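**Student:** The structure file upload-v8.csv (CSV, C-alpha atoms) is provided below.
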chain,number,residue,atom,x,y,z
A,1,MET,CA,0.0,0.0,0.0
A,2,THR,CA,1.4,3.4,-1.1
A,3,SER,CA,1.3,6.5,1.0
A,4,ASN,CA,-1.4,7.9,-1.3
A,5,ASP,CA,-3.6,4.8,-0.7
A,6,LEU,CA,-3.1,5.2,3.0
A,7,VAL,CA,-4.2,8.9,2.9
A,8,ARG,CA,-7.3,7.9,0.9
A,9,ASN,CA,-8.2,5.2,3.3
A,10,LEU,CA,-7.5,7.3,6.4
A,11,PRO,CA,-11.1,8.5,6.9
A,12,ARG,CA,-12.3,4.9,6.7
A,13,LEU,CA,-9.7,3.7,9.2
A,14,ARG,CA,-10.6,6.6,11.5
A,15,GLY,CA,-14.2,5.7,11.3
A,16,ALA,CA,-13.5,2.1,12.0
A,17,ALA,CA,-11.4,3.1,15.1
A,18,ILE,CA,-14.2,5.3,16.3
A,19,ARG,CA,-16.7,2.5,16.0
A,20,CYS,CA,-14.4,0.1,17.8
A,21,PHE,CA,-13.9,2.4,20.8
A,22,ALA,CA,-17.4,3.8,20.9
A,23,PRO,CA,-19.3,3.3,24.2
A,24,ALA,CA,-21.4,0.1,24.2
A,25,ASP,CA,-24.0,-1.3,26.4
A,26,ILE,CA,-22.5,-3.5,29.1
A,27,ALA,CA,-25.7,-5.5,29.8
A,28,PRO,CA,-24.7,-8.5,27.7
A,29,LEU,CA,-21.4,-8.8,29.6
A,30,ILE,CA,-23.1,-8.7,32.9
A,31,TYR,CA,-25.6,-11.3,31.7
A,32,PHE,CA,-22.7,-13.6,30.5
A,33,ARG,CA,-20.8,-13.1,33.8
A,34,ILE,CA,-23.8,-14.2,35.9
A,35,VAL,CA,-24.9,-17.1,33.7
A,36,PHE,CA,-21.2,-18.3,33.3
A,37,GLY,CA,-20.8,-18.2,37.1
A,38,LEU,CA,-24.0,-20.1,37.7
A,39,LEU,CA,-23.0,-22.8,35.2
A,40,MET,CA,-19.5,-23.1,36.8
A,41,ILE,CA,-21.1,-23.5,40.3
A,42,TRP,CA,-23.2,-26.3,39.0
A,43,GLU,CA,-20.3,-27.9,37.2
A,44,ILE,CA,-18.0,-27.8,40.2
A,45,TRP,CA,-20.6,-28.9,42.7
A,46,HIS,CA,-21.7,-31.8,40.5
A,47,HIS,CA,-18.1,-32.9,40.0
A,48,TRP,CA,-17.3,-32.5,43.7
A,49,VAL,CA,-20.3,-34.4,45.0
A,50,ALA,CA,-21.4,-36.9,42.3
A,51,ARG,CA,-18.1,-38.1,41.1
A,52,GLN,CA,-16.5,-39.0,44.5
A,53,VAL,CA,-13.5,-36.7,44.5
A,54,ASN,CA,-11.4,-38.9,46.9
A,55,SER,CA,-11.6,-41.9,44.6
A,56,LEU,CA,-10.8,-39.8,41.5
A,57,TRP,CA,-7.6,-38.1,42.7
A,58,LEU,CA,-6.0,-40.7,45.0
A,59,PRO,CA,-2.2,-40.4,44.3
A,60,SER,CA,-1.9,-44.2,43.9
A,61,GLU,CA,-4.3,-44.3,40.9
A,62,PHE,CA,-3.2,-44.0,37.3
A,63,HIS,CA,-4.1,-40.9,35.5
A,64,PHE,CA,-4.0,-40.0,31.8
A,65,GLU,CA,-1.8,-37.0,31.7
A,66,TYR,CA,-1.8,-34.2,29.1
A,67,PHE,CA,1.4,-34.2,27.0
A,68,GLY,CA,3.9,-31.9,28.7
A,69,PHE,CA,1.9,-31.5,31.9
A,70,GLY,CA,2.9,-34.7,33.7
A,71,TRP,CA,4.3,-32.5,36.5
A,72,VAL,CA,0.8,-31.4,37.5
A,73,HIS,CA,-0.5,-33.4,40.4
A,74,ALA,CA,-3.6,-33.3,42.7
A,75,PRO,CA,-3.2,-31.7,46.1
A,76,PRO,CA,-2.2,-34.2,48.8
A,77,GLY,CA,-4.9,-35.8,51.0
A,78,ASN,CA,-8.0,-33.7,51.7
A,79,TRP,CA,-6.5,-30.6,50.2
A,80,ILE,CA,-8.3,-31.4,47.0
A,81,HIS,CA,-11.5,-30.4,48.8
A,82,LEU,CA,-10.0,-27.0,49.5
A,83,LEU,CA,-9.4,-26.6,45.8
A,84,TYR,CA,-13.0,-27.4,45.0
A,85,ALA,CA,-14.2,-25.1,47.8
A,86,SER,CA,-12.1,-22.2,46.4
A,87,LEU,CA,-13.6,-22.8,42.9
A,88,LEU,CA,-17.1,-22.7,44.3
A,89,LEU,CA,-16.5,-19.5,46.2
A,90,SER,CA,-14.7,-17.8,43.3
A,91,ALA,CA,-17.6,-18.8,41.0
A,92,ALA,CA,-20.1,-17.3,43.4
A,93,GLY,CA,-18.0,-14.1,43.5
A,94,ILE,CA,-18.2,-14.0,39.7
A,95,VAL,CA,-22.0,-14.3,39.8
A,96,ILE,CA,-22.5,-11.4,42.3
A,97,GLY,CA,-19.6,-9.3,41.0
A,98,PHE,CA,-17.7,-9.3,44.3
A,99,LEU,CA,-14.0,-8.7,43.8
A,100,TYR,CA,-14.7,-9.9,40.2
A,101,ARG,CA,-11.2,-9.7,38.8
A,102,ILE,CA,-9.7,-11.6,41.8
A,103,CYS,CA,-12.4,-14.2,41.8
A,104,ALA,CA,-12.0,-14.7,38.0
A,105,ALA,CA,-8.2,-15.1,38.4
A,106,ILE,CA,-8.6,-17.6,41.2
A,107,PHE,CA,-11.2,-19.6,39.3
A,108,ALA,CA,-9.1,-19.6,36.1
A,109,LEU,CA,-6.0,-20.9,37.9
A,110,GLY,CA,-7.9,-23.4,40.0
A,111,PHE,CA,-10.0,-24.8,37.1
A,112,THR,CA,-6.9,-25.1,34.9
A,113,TRP,CA,-5.2,-27.0,37.7
A,114,LEU,CA,-8.2,-29.4,37.9
A,115,PHE,CA,-8.4,-29.7,34.2
A,116,LEU,CA,-4.8,-30.8,33.8
A,117,LEU,CA,-5.0,-33.5,36.4
A,118,ASP,CA,-6.6,-36.1,34.1
A,119,ALA,CA,-7.4,-35.9,30.4
A,120,THR,CA,-10.3,-38.4,30.7
A,121,GLN,CA,-12.3,-36.1,33.1
A,122,TYR,CA,-12.6,-33.3,30.6
A,123,PHE,CA,-12.6,-34.7,27.1
A,124,GLY,CA,-13.1,-32.8,23.9
A,125,LEU,CA,-16.0,-34.5,21.9
A,126,ILE,CA,-15.1,-33.4,18.4
A,127,THR,CA,-16.5,-34.8,15.2
A,128,TYR,CA,-16.0,-33.6,11.7
A,129,GLY,CA,-19.6,-32.6,11.4
A,130,GLY,CA,-19.6,-30.6,14.6
A,131,LEU,CA,-16.3,-29.0,13.7
A,132,LEU,CA,-17.6,-27.9,10.3
A,133,PHE,CA,-20.8,-26.6,11.9
A,134,ASP,CA,-18.9,-24.5,14.5
A,135,LEU,CA,-16.7,-23.0,11.7
A,136,PHE,CA,-19.5,-22.1,9.3
A,137,ILE,CA,-22.2,-21.0,11.6
A,138,VAL,CA,-20.1,-18.1,12.7
A,139,LEU,CA,-20.4,-16.6,9.2
A,140,PHE,CA,-24.2,-16.5,9.5
A,141,LEU,CA,-24.0,-15.2,13.0
A,142,LEU,CA,-21.9,-12.3,12.0
A,143,TRP,CA,-24.4,-11.2,9.3
A,144,ARG,CA,-27.4,-9.4,10.8
A,145,ARG,CA,-29.9,-10.7,8.3
A,146,THR,CA,-29.1,-14.4,9.0
A,147,ARG,CA,-28.3,-14.0,12.7
A,148,PRO,CA,-31.7,-14.9,14.1
A,149,CYS,CA,-32.0,-18.1,12.0
A,150,ALA,CA,-28.4,-19.0,12.7
A,151,PHE,CA,-29.0,-18.6,16.4
A,152,ILE,CA,-32.0,-20.9,16.3
A,153,VAL,CA,-30.1,-23.5,14.3
A,154,ALA,CA,-27.2,-23.2,16.8
A,155,ILE,CA,-29.5,-23.7,19.8
A,156,ALA,CA,-31.1,-26.8,18.1
A,157,PHE,CA,-27.6,-28.2,17.4
A,158,HIS,CA,-26.4,-27.7,21.0
A,159,LEU,CA,-29.6,-29.1,22.6
A,160,THR,CA,-29.3,-32.1,20.3
A,161,ASN,CA,-25.7,-32.6,21.6
A,162,ASN,CA,-26.9,-32.3,25.2
A,163,TRP,CA,-29.5,-35.0,24.5
A,164,LEU,CA,-27.3,-37.4,22.7
A,165,PHE,CA,-24.0,-37.1,24.6
A,166,ASP,CA,-23.0,-36.6,28.2
A,167,ILE,CA,-20.8,-33.5,27.8
A,168,GLY,CA,-21.8,-31.6,30.9
A,169,ILE,CA,-22.4,-27.9,30.7
A,170,PHE,CA,-20.7,-27.4,27.3
A,171,PRO,CA,-24.0,-27.1,25.2
A,172,TRP,CA,-25.5,-24.6,27.7
A,173,LEU,CA,-22.3,-22.5,27.8
A,174,ALA,CA,-22.1,-22.6,24.0
A,175,ILE,CA,-25.7,-21.2,23.8
A,176,VAL,CA,-24.8,-18.4,26.2
A,177,LEU,CA,-21.7,-17.5,24.2
A,178,THR,CA,-23.6,-17.6,20.9
A,179,SER,CA,-26.0,-15.0,22.2
A,180,LEU,CA,-23.1,-12.5,22.4
A,181,PHE,CA,-23.2,-12.2,18.6
A,182,PHE,CA,-26.3,-10.0,18.9
A,183,ALA,CA,-26.1,-6.3,19.1
A,184,PRO,CA,-25.1,-4.9,22.6
A,185,ASP,CA,-28.6,-3.6,23.2
A,186,TRP,CA,-30.4,-6.8,22.5
A,187,LEU,CA,-30.9,-7.6,26.2
A,188,ARG,CA,-32.5,-4.3,26.9
A,189,SER,CA,-34.7,-4.6,23.8
A,190,PHE,CA,-35.7,-8.1,25.0
A,191,ALA,CA,-36.5,-6.8,28.4
A,192,SER,CA,-38.5,-3.9,26.9
A,193,ASN,CA,-40.6,-6.4,24.9
A,194,LEU,CA,-41.2,-8.6,27.9
A,195,ALA,CA,-42.3,-5.5,29.8
A,196,ALA,CA,-44.8,-4.7,27.1
A,197,VAL,CA,-46.2,-8.2,27.1
A,198,HIS,CA,-46.4,-8.0,30.9
A,199,ARG,CA,-48.4,-4.8,30.7
A,200,ASP,CA,-50.8,-6.3,28.1
A,201,LEU,CA,-51.4,-9.4,30.2
A,202,ARG,CA,-52.2,-7.6,33.4
A,203,PRO,CA,-55.8,-8.2,34.6
A,204,ALA,CA,-58.4,-5.5,33.9
A,205,PRO,CA,-59.1,-3.0,36.7
A,206,TRP,CA,-62.4,-4.6,37.5
A,207,ILE,CA,-60.8,-7.9,38.3
A,208,LEU,CA,-58.5,-6.5,41.1
A,209,PRO,CA,-59.3,-3.8,43.6
A,210,LEU,CA,-58.2,-0.4,42.4
A,211,ASP,CA,-55.7,-0.1,45.3
A,212,ASN,CA,-54.1,-3.4,44.4
A,213,LYS,CA,-51.1,-3.1,42.2
A,214,LEU,CA,-49.1,-6.0,40.8
A,215,PRO,CA,-45.3,-5.7,41.4
A,216,ASP,CA,-43.1,-5.2,38.3
A,217,PRO,CA,-40.7,-8.0,37.7
A,218,ALA,CA,-37.0,-7.3,38.0
A,219,TRP,CA,-36.3,-7.3,34.3
A,220,TYR,CA,-39.1,-4.6,33.8
A,221,HIS,CA,-36.8,-1.8,34.9
A,222,LEU,CA,-33.8,-3.0,32.8
A,223,LYS,CA,-35.0,-1.2,29.7
A,224,ASP,CA,-35.0,2.2,31.6
A,225,SER,CA,-31.6,1.9,33.2
A,226,PRO,CA,-28.8,3.9,31.5
A,227,SER,CA,-26.3,2.2,29.3
A,228,ALA,CA,-22.7,2.1,30.5
A,229,ASN,CA,-19.3,1.9,28.9
A,230,THR,CA,-17.6,-1.5,29.0
A,231,SER,CA,-14.7,0.2,30.8
A,232,ASP,CA,-16.9,0.6,33.9
A,233,GLN,CA,-17.1,-3.2,34.4
A,234,ARG,CA,-15.5,-4.2,37.6
Translate the structure described by the file into structure tokens.

**Tutor:**
Amino acid sequence: MTSNDLVRNLPRLRGAAIRCFAPADIAPLIYFRIVFGLLMIWEIWHHWVARQVNSLWLPSEFHFEYFGFGWVHAPPGNWIHLLYASLLLSAAGIVIGFLYRICAAIFALGFTWLFLLDATQYFGLITYGGLLFDLFIVLFLLWRRTRPCAFIVAIAFHLTNNWLFDIGIFPWLAIVLTSLFFAPDWLRSFASNLAAVHRDLRPAPWILPLDNKLPDPAWYHLKDSPSANTSDQR
């Protein structure tokens, strides 16, 4: 690219930079943080209680190690329970936004430690069909006109995987992540539509006493709350 081409394209580059750094609604990130934390709480609790942690991580048992990570071992004795407890507490902190960055770092380190202990506990169920689907569905999710249909197809795909295979929370996490392809204001628009439906479905005044008022659901006020820049996220 010559200097003349760069000068001609400078307004476009400046416009793209402005769009990239323009303030955006933070609601989808908050939604993802809460749902992600809840899914992680379920995953850790289920793994802790249902899979008999003591029998899984006994030092005398053989484990399928990841290549290059044979030096990673489970905590000795009952310290493995402390690891699970720290994961639960940090996931709860992610949900409520308490010391969010610290909780996210603790959870990432702890979950990575747990992940690397045995390759058979967290396996990647990959087929060529699923791989091709994940690669090509993104193209339709990026285009606004095909995004709703692509999202419905993606939901059907992940729900089918959940029904056919025992792959834990992966399908649900994939559905939550796929929703982030929508515009940043989609959550408030959705809440606004729900609020409108709620108003339309309210009983007529002659059904309830005039001094009786139905409480508004929590999502009713989401549409009126001001948008925030993503840099304000804790």

**Student:** Hey, what's within 12 Å of A:Tyr31 if we count all atoms listed in the file and toss same-chain stuff fewer than 6 positions away? As a list of chain:residue names, please?

**Tutor:**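 The contact residues come out as A:Asp25, A:Gly37, A:Leu38, A:Ile94, A:Val95, A:Ile96, A:Gly97, A:Val176, A:Leu177, A:Ser179, A:Leu180, A:Pro184, A:Asp185, A:Trp186, A:Leu187, A:Arg188, A:Trp219, A:Leu222.
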
**Student:** May I have the residues from that selection written out with C-alpha atoms, as a tab-separated table (two decimals), keeping the file's coordinate frame?

**Tutor:**
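As written to disk, out23.tsv reads:
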chain	number	residue	atom	x	y	z
A	25	ASP	CA	-24.00	-1.30	26.40
A	37	GLY	CA	-20.80	-18.20	37.10
A	38	LEU	CA	-24.00	-20.10	37.70
A	94	ILE	CA	-18.20	-14.00	39.70
A	95	VAL	CA	-22.00	-14.30	39.80
A	96	ILE	CA	-22.50	-11.40	42.30
A	97	GLY	CA	-19.60	-9.30	41.00
A	176	VAL	CA	-24.80	-18.40	26.20
A	177	LEU	CA	-21.70	-17.50	24.20
A	179	SER	CA	-26.00	-15.00	22.20
A	180	LEU	CA	-23.10	-12.50	22.40
A	184	PRO	CA	-25.10	-4.90	22.60
A	185	ASP	CA	-28.60	-3.60	23.20
A	186	TRP	CA	-30.40	-6.80	22.50
A	187	LEU	CA	-30.90	-7.60	26.20
A	188	ARG	CA	-32.50	-4.30	26.90
A	219	TRP	CA	-36.30	-7.30	34.30
A	222	LEU	CA	-33.80	-3.00	32.80

**Student:** For atom CA of A:His47 and atom CA of A:Phe165, quote the distance in Å rounded to one decimal.

**Tutor:**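 The value is 17.0 Å.
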
**Student:** Enter the distance from atom CA of A:Asp166 to atom CA of A:Phe140, in Å, rounded to one decimal.

**Tutor:** 27.5 Å

**Student:** Neighbouring residues of A:His63 were defined as those with any atom within 9 Å, considering only C-alpha atoms; residues of the same chain fewer than 5 positions away were excluded. Please report them as a VMD selection string.

**Tutor:** chain A and resid 57 117 to 120

**Student:** Have a look at atom CA of A:Leu82 and atom CA of A:Leu109 and let me know their distance in Å, one decimal.

**Tutor:**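 Interatomic distance, atom CA of A:Leu82 to atom CA of A:Leu109: 13.7 Å.
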
**Student:** Just the residues within 10 Å of A:Phe69, please, counting all atoms listed in the file, with nothing from its chain fewer than 2 positions along; format it as an mmCIF file with C-alpha atoms, keeping the file's coordinate frame.

**Tutor:**
data_model
loop_
_atom_site.group_PDB
_atom_site.id
_atom_site.type_symbol
_atom_site.label_atom_id
_atom_site.label_comp_id
_atom_site.auth_asym_id
_atom_site.auth_seq_id
_atom_site.Cartn_x
_atom_site.Cartn_y
_atom_site.Cartn_z
ATOM 1 C CA GLU A 65 -1.800 -37.000 31.700
ATOM 2 C CA TYR A 66 -1.800 -34.200 29.100
ATOM 3 C CA PHE A 67 1.400 -34.200 27.000
ATOM 4 C CA TRP A 71 4.300 -32.500 36.500
ATOM 5 C CA VAL A 72 0.800 -31.400 37.500
ATOM 6 C CA HIS A 73 -0.500 -33.400 40.400
ATOM 7 C CA LEU A 116 -4.800 -30.800 33.800
ATOM 8 C CA LEU A 117 -5.000 -33.500 36.400
ATOM 9 C CA ASP A 118 -6.600 -36.100 34.100
#

**Student:** Do a neighbour search on A:Gly129 at 12 Å with only C-alpha atoms, toss out local chain neighbours closer than 5 positions, and write the hits as a ChimeraX atom specification.

**Tutor:** /A:134-137,157,161

**Student:** Counting only C-alpha atoms, which residues sit no farther than 12 Å from the position (-19.9, -25.3, 38.8) in the file's frame? I'd like them as a PyMOL selection string.

**Tutor:** chain A and resi 35-49+84-92+94-95+107+111+168-170+173

**Student:** Closest to A:Trp113 among A:Leu83, A:Leu194, A:Val138, A:Leu132, using all atoms listed in the file?

**Tutor:**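 Smallest separation from A:Trp113 among the options: A:Leu83.
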